[in-house]
Every structure is written in C-alpha cells, then in structure tokens.
Amino acid sequence: DIFNEGVYADKAVEKALKRDKRWGARDRKFVAETIYDIVRWNRLYAEIAEVKVPFDRDNIWRLFSVWCILRGIPLPDWNQIGDVPERRIKGRFAELSKTRKFRESIPDWMDEICVSELGEDIWTKEIAALNKQASVILRTNTLN
C-alpha cells in the first residue's frame, strides 16, 4: 500500500498491527521497525532485489529477504520467501555501497541538487550524518 498506493507509512503500520491481536509488544515493535526500515531504505533494497514499483506480493517478500540478510536476521522458513541468493545480495550491497545515491538510499534529483549546492565532500558527510540514528537524550527538571 505504501509503495503502490501512496498510503502514509504510519497508517500502513497501524493497519498491519491491527491484523493480528495476538502479537505482543516485541512482535509489534519488530513489524513496525521492519516496515519503516524498508520504506526508508527502499531505493537500496529495491536495487539489490532487482524489483521496481509497482511491487507485487513476491517483490515485497524479496525486499523483506534483502532486509533480513543485510540485518543478519535468519530468514524464517515461510513458503513466501523461497530460495534467497544470500551471497548475491551481499555482493550487490557491497557493489552498490560504492555509489552515494544507493548507499544513502536517496533519489537522483536530491543527490544532484545537494552536490551542486554543497559540493561533493560536504554533501557526502552531511547525508551520511543524516542517516545515522540520533542519540536519545533525556532531560529532567528538578522539583523544588
């Protein structure tokens, strides 16, 4: 729905989490993080999986398989997954990681504009920093 119909990711996650009421907190967290991660890194994962929008059900499973392999998560023994070329996925990742637009999973137009505005070196550092997860900082106020 997110890729083919333009549904907002938070709405798709909400819908996915309502599908099975038996899921516990860890399952729900895993599903939500997986969806958001695949959406964020879609360009890279789609390029590795060699799939294009619109995605059919098999393409979504291929994206999920790529996500699992790159995260070091053992693939579940599900019928939908089938044979996954693990070495080829890792090889494609290594090859595509040499190109900034794939490594950082950004569209060509954004890469081109930012290179022209900031220059090659600064943009490379900036986009790498933007793709790092921010630290959690907890601030408390004392009660007096």
# chains A, B, ... in the order shown; residues from 1 in each chain; ligands from 1
$ residues_around --residues "Trp41 in chain A" --least-positions-apart "5" --cutoff "12 Å" --atoms "only C-alpha atoms" --output "NGL selection string"
:A and (33-36 or 46-48 or 63-64 or 66-67 or 70 or 101-107 or 131)
$ select_by_dssp --residues "chain A" --states "helix (DSSP H, G or I)" --output "PDB file with C-alpha atoms, in the first residue's frame"
ATOM      1  CA  ILE A   2       2.806   2.405   0.877  1.00  0.00           C
ATOM      2  CA  PHE A   3       4.688   1.980  -2.393  1.00  0.00           C
ATOM      3  CA  ASN A   4       1.873   1.267  -4.832  1.00  0.00           C
ATOM      4  CA  GLU A   5      -0.958   3.415  -3.497  1.00  0.00           C
ATOM      5  CA  ALA A   9       3.700   4.685   6.403  1.00  0.00           C
ATOM      6  CA  ASP A  10       2.191   5.347   9.845  1.00  0.00           C
ATOM      7  CA  LYS A  11      -1.276   4.405   8.583  1.00  0.00           C
ATOM      8  CA  ALA A  12       0.076   1.243   6.953  1.00  0.00           C
ATOM      9  CA  VAL A  13       1.881   0.287  10.173  1.00  0.00           C
ATOM     10  CA  GLU A  14      -1.276   0.913  12.194  1.00  0.00           C
ATOM     11  CA  LYS A  15      -3.260  -1.309   9.809  1.00  0.00           C
ATOM     12  CA  ALA A  16      -0.614  -4.038   9.892  1.00  0.00           C
ATOM     13  CA  LEU A  17      -0.563  -4.047  13.686  1.00  0.00           C
ATOM     14  CA  LYS A  18      -4.353  -4.394  13.863  1.00  0.00           C
ATOM     15  CA  ALA A  25       4.925  -5.821  22.240  1.00  0.00           C
ATOM     16  CA  ARG A  26       8.088  -7.368  20.749  1.00  0.00           C
ATOM     17  CA  ASP A  27       6.228  -8.613  17.665  1.00  0.00           C
ATOM     18  CA  ARG A  28       4.575  -5.257  17.148  1.00  0.00           C
ATOM     19  CA  LYS A  29       7.900  -3.470  17.537  1.00  0.00           C
ATOM     20  CA  PHE A  30       9.546  -5.834  15.028  1.00  0.00           C
ATOM     21  CA  VAL A  31       6.774  -5.336  12.445  1.00  0.00           C
ATOM     22  CA  ALA A  32       6.751  -1.542  12.811  1.00  0.00           C
ATOM     23  CA  GLU A  33      10.558  -1.207  12.660  1.00  0.00           C
ATOM     24  CA  THR A  34      10.731  -3.546   9.669  1.00  0.00           C
ATOM     25  CA  ILE A  35       8.148  -1.569   7.706  1.00  0.00           C
ATOM     26  CA  TYR A  36       9.736   1.799   8.491  1.00  0.00           C
ATOM     27  CA  ASP A  37      13.215   0.487   7.711  1.00  0.00           C
ATOM     28  CA  ILE A  38      12.182  -0.988   4.362  1.00  0.00           C
ATOM     29  CA  VAL A  39      10.423   2.271   3.458  1.00  0.00           C
ATOM     30  CA  ARG A  40      13.474   4.371   4.417  1.00  0.00           C
ATOM     31  CA  ASN A  42      13.646   1.329  -0.302  1.00  0.00           C
ATOM     32  CA  ARG A  43      15.911   2.550  -3.079  1.00  0.00           C
ATOM     33  CA  LEU A  44      18.853   0.459  -1.905  1.00  0.00           C
ATOM     34  CA  TYR A  45      16.810  -2.650  -1.124  1.00  0.00           C
ATOM     35  CA  ALA A  46      14.827  -2.463  -4.385  1.00  0.00           C
ATOM     36  CA  GLU A  47      18.040  -2.115  -6.368  1.00  0.00           C
ATOM     37  CA  ILE A  48      19.578  -5.123  -4.607  1.00  0.00           C
ATOM     38  CA  ALA A  49      16.389  -7.189  -5.026  1.00  0.00           C
ATOM     39  CA  ARG A  57       3.464  -9.592  -3.295  1.00  0.00           C
ATOM     40  CA  ASP A  58       6.568 -11.514  -4.426  1.00  0.00           C
ATOM     41  CA  ASN A  59       8.543  -8.275  -4.740  1.00  0.00           C
ATOM     42  CA  ILE A  60       7.606  -7.270  -1.186  1.00  0.00           C
ATOM     43  CA  TRP A  61       8.880 -10.647   0.059  1.00  0.00           C
ATOM     44  CA  ARG A  62      12.106 -10.103  -1.889  1.00  0.00           C
ATOM     45  CA  LEU A  63      12.552  -6.714  -0.188  1.00  0.00           C
ATOM     46  CA  PHE A  64      11.918  -8.359   3.173  1.00  0.00           C
ATOM     47  CA  SER A  65      14.500 -11.050   2.366  1.00  0.00           C
ATOM     48  CA  VAL A  66      17.092  -8.407   1.451  1.00  0.00           C
ATOM     49  CA  TRP A  67      16.328  -6.564   4.691  1.00  0.00           C
ATOM     50  CA  CYS A  68      16.795  -9.765   6.719  1.00  0.00           C
ATOM     51  CA  ILE A  69      20.074 -10.704   5.009  1.00  0.00           C
ATOM     52  CA  LEU A  70      21.591  -7.233   5.445  1.00  0.00           C
ATOM     53  CA  ARG A  71      20.480  -7.074   9.093  1.00  0.00           C
ATOM     54  CA  GLU A  86      22.403 -14.661   0.154  1.00  0.00           C
ATOM     55  CA  ARG A  87      25.853 -14.245  -1.418  1.00  0.00           C
ATOM     56  CA  ARG A  88      24.432 -12.353  -4.379  1.00  0.00           C
ATOM     57  CA  ILE A  89      22.534  -9.986  -2.068  1.00  0.00           C
ATOM     58  CA  LYS A  90      25.665  -9.267  -0.051  1.00  0.00           C
ATOM     59  CA  GLY A  91      27.686  -8.840  -3.261  1.00  0.00           C
ATOM     60  CA  ARG A  92      25.157  -6.379  -4.711  1.00  0.00           C
ATOM     61  CA  PHE A  93      25.158  -4.476  -1.416  1.00  0.00           C
ATOM     62  CA  ALA A  94      28.946  -4.195  -1.461  1.00  0.00           C
ATOM     63  CA  GLU A  95      28.865  -3.045  -5.096  1.00  0.00           C
ATOM     64  CA  LEU A  96      26.044  -0.504  -4.627  1.00  0.00           C
ATOM     65  CA  ARG A 100      26.376   7.521  -2.697  1.00  0.00           C
ATOM     66  CA  LYS A 101      22.811   7.660  -4.044  1.00  0.00           C
ATOM     67  CA  PHE A 102      22.354   3.937  -3.440  1.00  0.00           C
ATOM     68  CA  ARG A 103      24.407   3.735  -0.234  1.00  0.00           C
ATOM     69  CA  ASP A 108      18.947  11.128  -8.075  1.00  0.00           C
ATOM     70  CA  TRP A 109      17.403  14.604  -8.107  1.00  0.00           C
ATOM     71  CA  MET A 110      18.154  15.154  -4.417  1.00  0.00           C
ATOM     72  CA  ASP A 111      21.726  13.967  -4.808  1.00  0.00           C
ATOM     73  CA  GLU A 112      22.277  16.259  -7.807  1.00  0.00           C
ATOM     74  CA  ILE A 113      20.789  19.358  -6.135  1.00  0.00           C
ATOM     75  CA  CYS A 114      22.717  18.845  -2.914  1.00  0.00           C
ATOM     76  CA  VAL A 115      26.010  18.244  -4.707  1.00  0.00           C
ATOM     77  CA  SER A 116      25.525  21.457  -6.675  1.00  0.00           C
ATOM     78  CA  GLU A 117      24.551  23.416  -3.534  1.00  0.00           C
ATOM     79  CA  LEU A 118      27.021  21.983  -1.005  1.00  0.00           C
ATOM     80  CA  GLU A 120      30.751  16.725  -3.233  1.00  0.00           C
ATOM     81  CA  ASP A 121      32.685  16.487   0.055  1.00  0.00           C
ATOM     82  CA  ILE A 122      30.265  18.356   2.309  1.00  0.00           C
ATOM     83  CA  TRP A 123      27.202  16.618   0.862  1.00  0.00           C
ATOM     84  CA  THR A 124      28.767  13.184   1.337  1.00  0.00           C
ATOM     85  CA  LYS A 125      29.442  13.967   5.014  1.00  0.00           C
ATOM     86  CA  GLU A 126      26.022  15.572   5.541  1.00  0.00           C
ATOM     87  CA  ILE A 127      23.946  12.744   4.065  1.00  0.00           C
ATOM     88  CA  ALA A 128      25.964  10.144   5.973  1.00  0.00           C
ATOM     89  CA  ALA A 129      25.306  12.071   9.210  1.00  0.00           C
ATOM     90  CA  LEU A 130      21.610  12.451   8.379  1.00  0.00           C
TER      91      LEU A 130
END
$ atom_distance --atom1 "CA of Val7 in chain A" --atom2 "CA of Arg19 in chain A"
16.6 Å
$ atom_distance --atom1 "CA of Arg22 in chain A" --atom2 "CA of Phe55 in chain A"
27.9 Å
$ decode --residues "range 95-131 of chain A" --atoms "N, CA, C and O atoms" --output "PDB file, in the first residue's frame"
ATOM      1  N   GLU A  95      28.684  -3.776  -3.830  1.00  0.00           N
ATOM      2  CA  GLU A  95      28.865  -3.045  -5.096  1.00  0.00           C
ATOM      3  C   GLU A  95      28.118  -1.712  -5.069  1.00  0.00           C
ATOM      4  O   GLU A  95      28.668  -0.665  -5.407  1.00  0.00           O
ATOM      5  N   LEU A  96      26.856  -1.724  -4.639  1.00  0.00           N
ATOM      6  CA  LEU A  96      26.044  -0.504  -4.627  1.00  0.00           C
ATOM      7  C   LEU A  96      26.471   0.473  -3.548  1.00  0.00           C
ATOM      8  O   LEU A  96      26.251   1.673  -3.669  1.00  0.00           O
ATOM      9  N   SER A  97      27.097  -0.017  -2.488  1.00  0.00           N
ATOM     10  CA  SER A  97      27.552   0.850  -1.400  1.00  0.00           C
ATOM     11  C   SER A  97      28.655   1.805  -1.840  1.00  0.00           C
ATOM     12  O   SER A  97      28.950   2.772  -1.147  1.00  0.00           O
ATOM     13  N   LYS A  98      29.234   1.567  -2.989  1.00  0.00           N
ATOM     14  CA  LYS A  98      30.277   2.456  -3.522  1.00  0.00           C
ATOM     15  C   LYS A  98      29.676   3.721  -4.132  1.00  0.00           C
ATOM     16  O   LYS A  98      30.386   4.696  -4.344  1.00  0.00           O
ATOM     17  N   THR A  99      28.379   3.676  -4.437  1.00  0.00           N
ATOM     18  CA  THR A  99      27.692   4.811  -5.057  1.00  0.00           C
ATOM     19  C   THR A  99      26.809   5.494  -4.016  1.00  0.00           C
ATOM     20  O   THR A  99      25.922   4.867  -3.442  1.00  0.00           O
ATOM     21  N   ARG A 100      27.053   6.784  -3.763  1.00  0.00           N
ATOM     22  CA  ARG A 100      26.376   7.521  -2.697  1.00  0.00           C
ATOM     23  C   ARG A 100      24.856   7.434  -2.782  1.00  0.00           C
ATOM     24  O   ARG A 100      24.188   7.192  -1.775  1.00  0.00           O
ATOM     25  N   LYS A 101      24.273   7.624  -3.949  1.00  0.00           N
ATOM     26  CA  LYS A 101      22.811   7.660  -4.044  1.00  0.00           C
ATOM     27  C   LYS A 101      22.168   6.331  -3.656  1.00  0.00           C
ATOM     28  O   LYS A 101      21.057   6.308  -3.137  1.00  0.00           O
ATOM     29  N   PHE A 102      22.873   5.231  -3.878  1.00  0.00           N
ATOM     30  CA  PHE A 102      22.354   3.937  -3.440  1.00  0.00           C
ATOM     31  C   PHE A 102      22.710   3.682  -1.979  1.00  0.00           C
ATOM     32  O   PHE A 102      21.874   3.238  -1.196  1.00  0.00           O
ATOM     33  N   ARG A 103      23.946   3.964  -1.611  1.00  0.00           N
ATOM     34  CA  ARG A 103      24.407   3.735  -0.234  1.00  0.00           C
ATOM     35  C   ARG A 103      23.533   4.477   0.764  1.00  0.00           C
ATOM     36  O   ARG A 103      23.159   3.951   1.804  1.00  0.00           O
ATOM     37  N   GLU A 104      23.163   5.723   0.427  1.00  0.00           N
ATOM     38  CA  GLU A 104      22.357   6.542   1.322  1.00  0.00           C
ATOM     39  C   GLU A 104      20.871   6.464   0.991  1.00  0.00           C
ATOM     40  O   GLU A 104      20.052   7.078   1.661  1.00  0.00           O
ATOM     41  N   SER A 105      20.533   5.733  -0.079  1.00  0.00           N
ATOM     42  CA  SER A 105      19.147   5.485  -0.486  1.00  0.00           C
ATOM     43  C   SER A 105      18.365   6.783  -0.697  1.00  0.00           C
ATOM     44  O   SER A 105      17.332   7.023  -0.075  1.00  0.00           O
ATOM     45  N   ILE A 106      18.878   7.618  -1.594  1.00  0.00           N
ATOM     46  CA  ILE A 106      18.228   8.892  -1.902  1.00  0.00           C
ATOM     47  C   ILE A 106      17.975   8.978  -3.409  1.00  0.00           C
ATOM     48  O   ILE A 106      18.669   8.348  -4.205  1.00  0.00           O
ATOM     49  N   PRO A 107      16.993   9.769  -3.819  1.00  0.00           N
ATOM     50  CA  PRO A 107      16.710   9.922  -5.244  1.00  0.00           C
ATOM     51  C   PRO A 107      17.815  10.707  -5.967  1.00  0.00           C
ATOM     52  O   PRO A 107      18.517  11.520  -5.355  1.00  0.00           O
ATOM     53  N   ASP A 108      17.935  10.450  -7.252  1.00  0.00           N
ATOM     54  CA  ASP A 108      18.947  11.128  -8.075  1.00  0.00           C
ATOM     55  C   ASP A 108      18.832  12.644  -7.981  1.00  0.00           C
ATOM     56  O   ASP A 108      19.835  13.341  -7.843  1.00  0.00           O
ATOM     57  N   TRP A 109      17.593  13.161  -8.090  1.00  0.00           N
ATOM     58  CA  TRP A 109      17.403  14.604  -8.107  1.00  0.00           C
ATOM     59  C   TRP A 109      17.920  15.244  -6.818  1.00  0.00           C
ATOM     60  O   TRP A 109      18.505  16.319  -6.862  1.00  0.00           O
ATOM     61  N   MET A 110      17.690  14.591  -5.681  1.00  0.00           N
ATOM     62  CA  MET A 110      18.154  15.154  -4.417  1.00  0.00           C
ATOM     63  C   MET A 110      19.678  15.160  -4.358  1.00  0.00           C
ATOM     64  O   MET A 110      20.287  16.144  -3.932  1.00  0.00           O
ATOM     65  N   ASP A 111      20.271  14.069  -4.805  1.00  0.00           N
ATOM     66  CA  ASP A 111      21.726  13.967  -4.808  1.00  0.00           C
ATOM     67  C   ASP A 111      22.334  15.059  -5.698  1.00  0.00           C
ATOM     68  O   ASP A 111      23.273  15.741  -5.299  1.00  0.00           O
ATOM     69  N   GLU A 112      21.759  15.262  -6.861  1.00  0.00           N
ATOM     70  CA  GLU A 112      22.277  16.259  -7.807  1.00  0.00           C
ATOM     71  C   GLU A 112      22.156  17.685  -7.251  1.00  0.00           C
ATOM     72  O   GLU A 112      23.102  18.473  -7.324  1.00  0.00           O
ATOM     73  N   ILE A 113      20.991  18.012  -6.687  1.00  0.00           N
ATOM     74  CA  ILE A 113      20.789  19.358  -6.135  1.00  0.00           C
ATOM     75  C   ILE A 113      21.755  19.614  -4.978  1.00  0.00           C
ATOM     76  O   ILE A 113      22.392  20.666  -4.900  1.00  0.00           O
ATOM     77  N   CYS A 114      21.877  18.650  -4.100  1.00  0.00           N
ATOM     78  CA  CYS A 114      22.717  18.845  -2.914  1.00  0.00           C
ATOM     79  C   CYS A 114      24.200  18.911  -3.261  1.00  0.00           C
ATOM     80  O   CYS A 114      24.938  19.674  -2.646  1.00  0.00           O
ATOM     81  N   VAL A 115      24.614  18.155  -4.263  1.00  0.00           N
ATOM     82  CA  VAL A 115      26.010  18.244  -4.707  1.00  0.00           C
ATOM     83  C   VAL A 115      26.272  19.628  -5.283  1.00  0.00           C
ATOM     84  O   VAL A 115      27.294  20.249  -4.991  1.00  0.00           O
ATOM     85  N   SER A 116      25.314  20.136  -6.081  1.00  0.00           N
ATOM     86  CA  SER A 116      25.525  21.457  -6.675  1.00  0.00           C
ATOM     87  C   SER A 116      25.474  22.568  -5.615  1.00  0.00           C
ATOM     88  O   SER A 116      26.164  23.571  -5.743  1.00  0.00           O
ATOM     89  N   GLU A 117      24.672  22.408  -4.581  1.00  0.00           N
ATOM     90  CA  GLU A 117      24.551  23.416  -3.534  1.00  0.00           C
ATOM     91  C   GLU A 117      25.687  23.363  -2.508  1.00  0.00           C
ATOM     92  O   GLU A 117      26.185  24.395  -2.077  1.00  0.00           O
ATOM     93  N   LEU A 118      26.061  22.140  -2.102  1.00  0.00           N
ATOM     94  CA  LEU A 118      27.021  21.983  -1.005  1.00  0.00           C
ATOM     95  C   LEU A 118      28.409  21.540  -1.441  1.00  0.00           C
ATOM     96  O   LEU A 118      29.364  21.707  -0.692  1.00  0.00           O
ATOM     97  N   GLY A 119      28.494  20.955  -2.618  1.00  0.00           N
ATOM     98  CA  GLY A 119      29.760  20.384  -3.055  1.00  0.00           C
ATOM     99  C   GLY A 119      29.826  18.910  -2.663  1.00  0.00           C
ATOM    100  O   GLY A 119      29.159  18.461  -1.734  1.00  0.00           O
ATOM    101  N   GLU A 120      30.639  18.187  -3.397  1.00  0.00           N
ATOM    102  CA  GLU A 120      30.751  16.725  -3.233  1.00  0.00           C
ATOM    103  C   GLU A 120      31.125  16.311  -1.809  1.00  0.00           C
ATOM    104  O   GLU A 120      30.467  15.464  -1.199  1.00  0.00           O
ATOM    105  N   ASP A 121      32.182  16.904  -1.261  1.00  0.00           N
ATOM    106  CA  ASP A 121      32.685  16.487   0.055  1.00  0.00           C
ATOM    107  C   ASP A 121      31.705  16.774   1.182  1.00  0.00           C
ATOM    108  O   ASP A 121      31.430  15.903   2.022  1.00  0.00           O
ATOM    109  N   ILE A 122      31.181  17.985   1.230  1.00  0.00           N
ATOM    110  CA  ILE A 122      30.265  18.356   2.309  1.00  0.00           C
ATOM    111  C   ILE A 122      28.987  17.536   2.228  1.00  0.00           C
ATOM    112  O   ILE A 122      28.492  17.039   3.240  1.00  0.00           O
ATOM    113  N   TRP A 123      28.446  17.378   1.013  1.00  0.00           N
ATOM    114  CA  TRP A 123      27.202  16.618   0.862  1.00  0.00           C
ATOM    115  C   TRP A 123      27.392  15.156   1.288  1.00  0.00           C
ATOM    116  O   TRP A 123      26.539  14.589   1.965  1.00  0.00           O
ATOM    117  N   THR A 124      28.502  14.573   0.947  1.00  0.00           N
ATOM    118  CA  THR A 124      28.767  13.184   1.337  1.00  0.00           C
ATOM    119  C   THR A 124      28.776  13.050   2.855  1.00  0.00           C
ATOM    120  O   THR A 124      28.184  12.120   3.412  1.00  0.00           O
ATOM    121  N   LYS A 125      29.408  14.001   3.541  1.00  0.00           N
ATOM    122  CA  LYS A 125      29.442  13.967   5.014  1.00  0.00           C
ATOM    123  C   LYS A 125      28.054  14.233   5.600  1.00  0.00           C
ATOM    124  O   LYS A 125      27.647  13.589   6.565  1.00  0.00           O
ATOM    125  N   GLU A 126      27.346  15.203   5.023  1.00  0.00           N
ATOM    126  CA  GLU A 126      26.022  15.572   5.541  1.00  0.00           C
ATOM    127  C   GLU A 126      25.025  14.424   5.418  1.00  0.00           C
ATOM    128  O   GLU A 126      24.325  14.110   6.381  1.00  0.00           O
ATOM    129  N   ILE A 127      24.944  13.803   4.256  1.00  0.00           N
ATOM    130  CA  ILE A 127      23.946  12.744   4.065  1.00  0.00           C
ATOM    131  C   ILE A 127      24.297  11.525   4.908  1.00  0.00           C
ATOM    132  O   ILE A 127      23.409  10.853   5.434  1.00  0.00           O
ATOM    133  N   ALA A 128      25.568  11.260   5.098  1.00  0.00           N
ATOM    134  CA  ALA A 128      25.964  10.144   5.973  1.00  0.00           C
ATOM    135  C   ALA A 128      25.531  10.446   7.415  1.00  0.00           C
ATOM    136  O   ALA A 128      25.007   9.565   8.107  1.00  0.00           O
ATOM    137  N   ALA A 129      25.707  11.690   7.853  1.00  0.00           N
ATOM    138  CA  ALA A 129      25.306  12.071   9.210  1.00  0.00           C
ATOM    139  C   ALA A 129      23.780  12.039   9.361  1.00  0.00           C
ATOM    140  O   ALA A 129      23.265  11.617  10.400  1.00  0.00           O
ATOM    141  N   LEU A 130      23.071  12.460   8.321  1.00  0.00           N
ATOM    142  CA  LEU A 130      21.610  12.451   8.379  1.00  0.00           C
ATOM    143  C   LEU A 130      21.049  11.037   8.482  1.00  0.00           C
ATOM    144  O   LEU A 130      19.947  10.832   8.994  1.00  0.00           O
ATOM    145  N   ASN A 131      21.774  10.078   7.984  1.00  0.00           N
ATOM    146  CA  ASN A 131      21.308   8.687   8.008  1.00  0.00           C
ATOM    147  C   ASN A 131      21.713   7.931   9.269  1.00  0.00           C
ATOM    148  O   ASN A 131      21.417   6.752   9.396  1.00  0.00           O
TER     149      ASN A 131
END
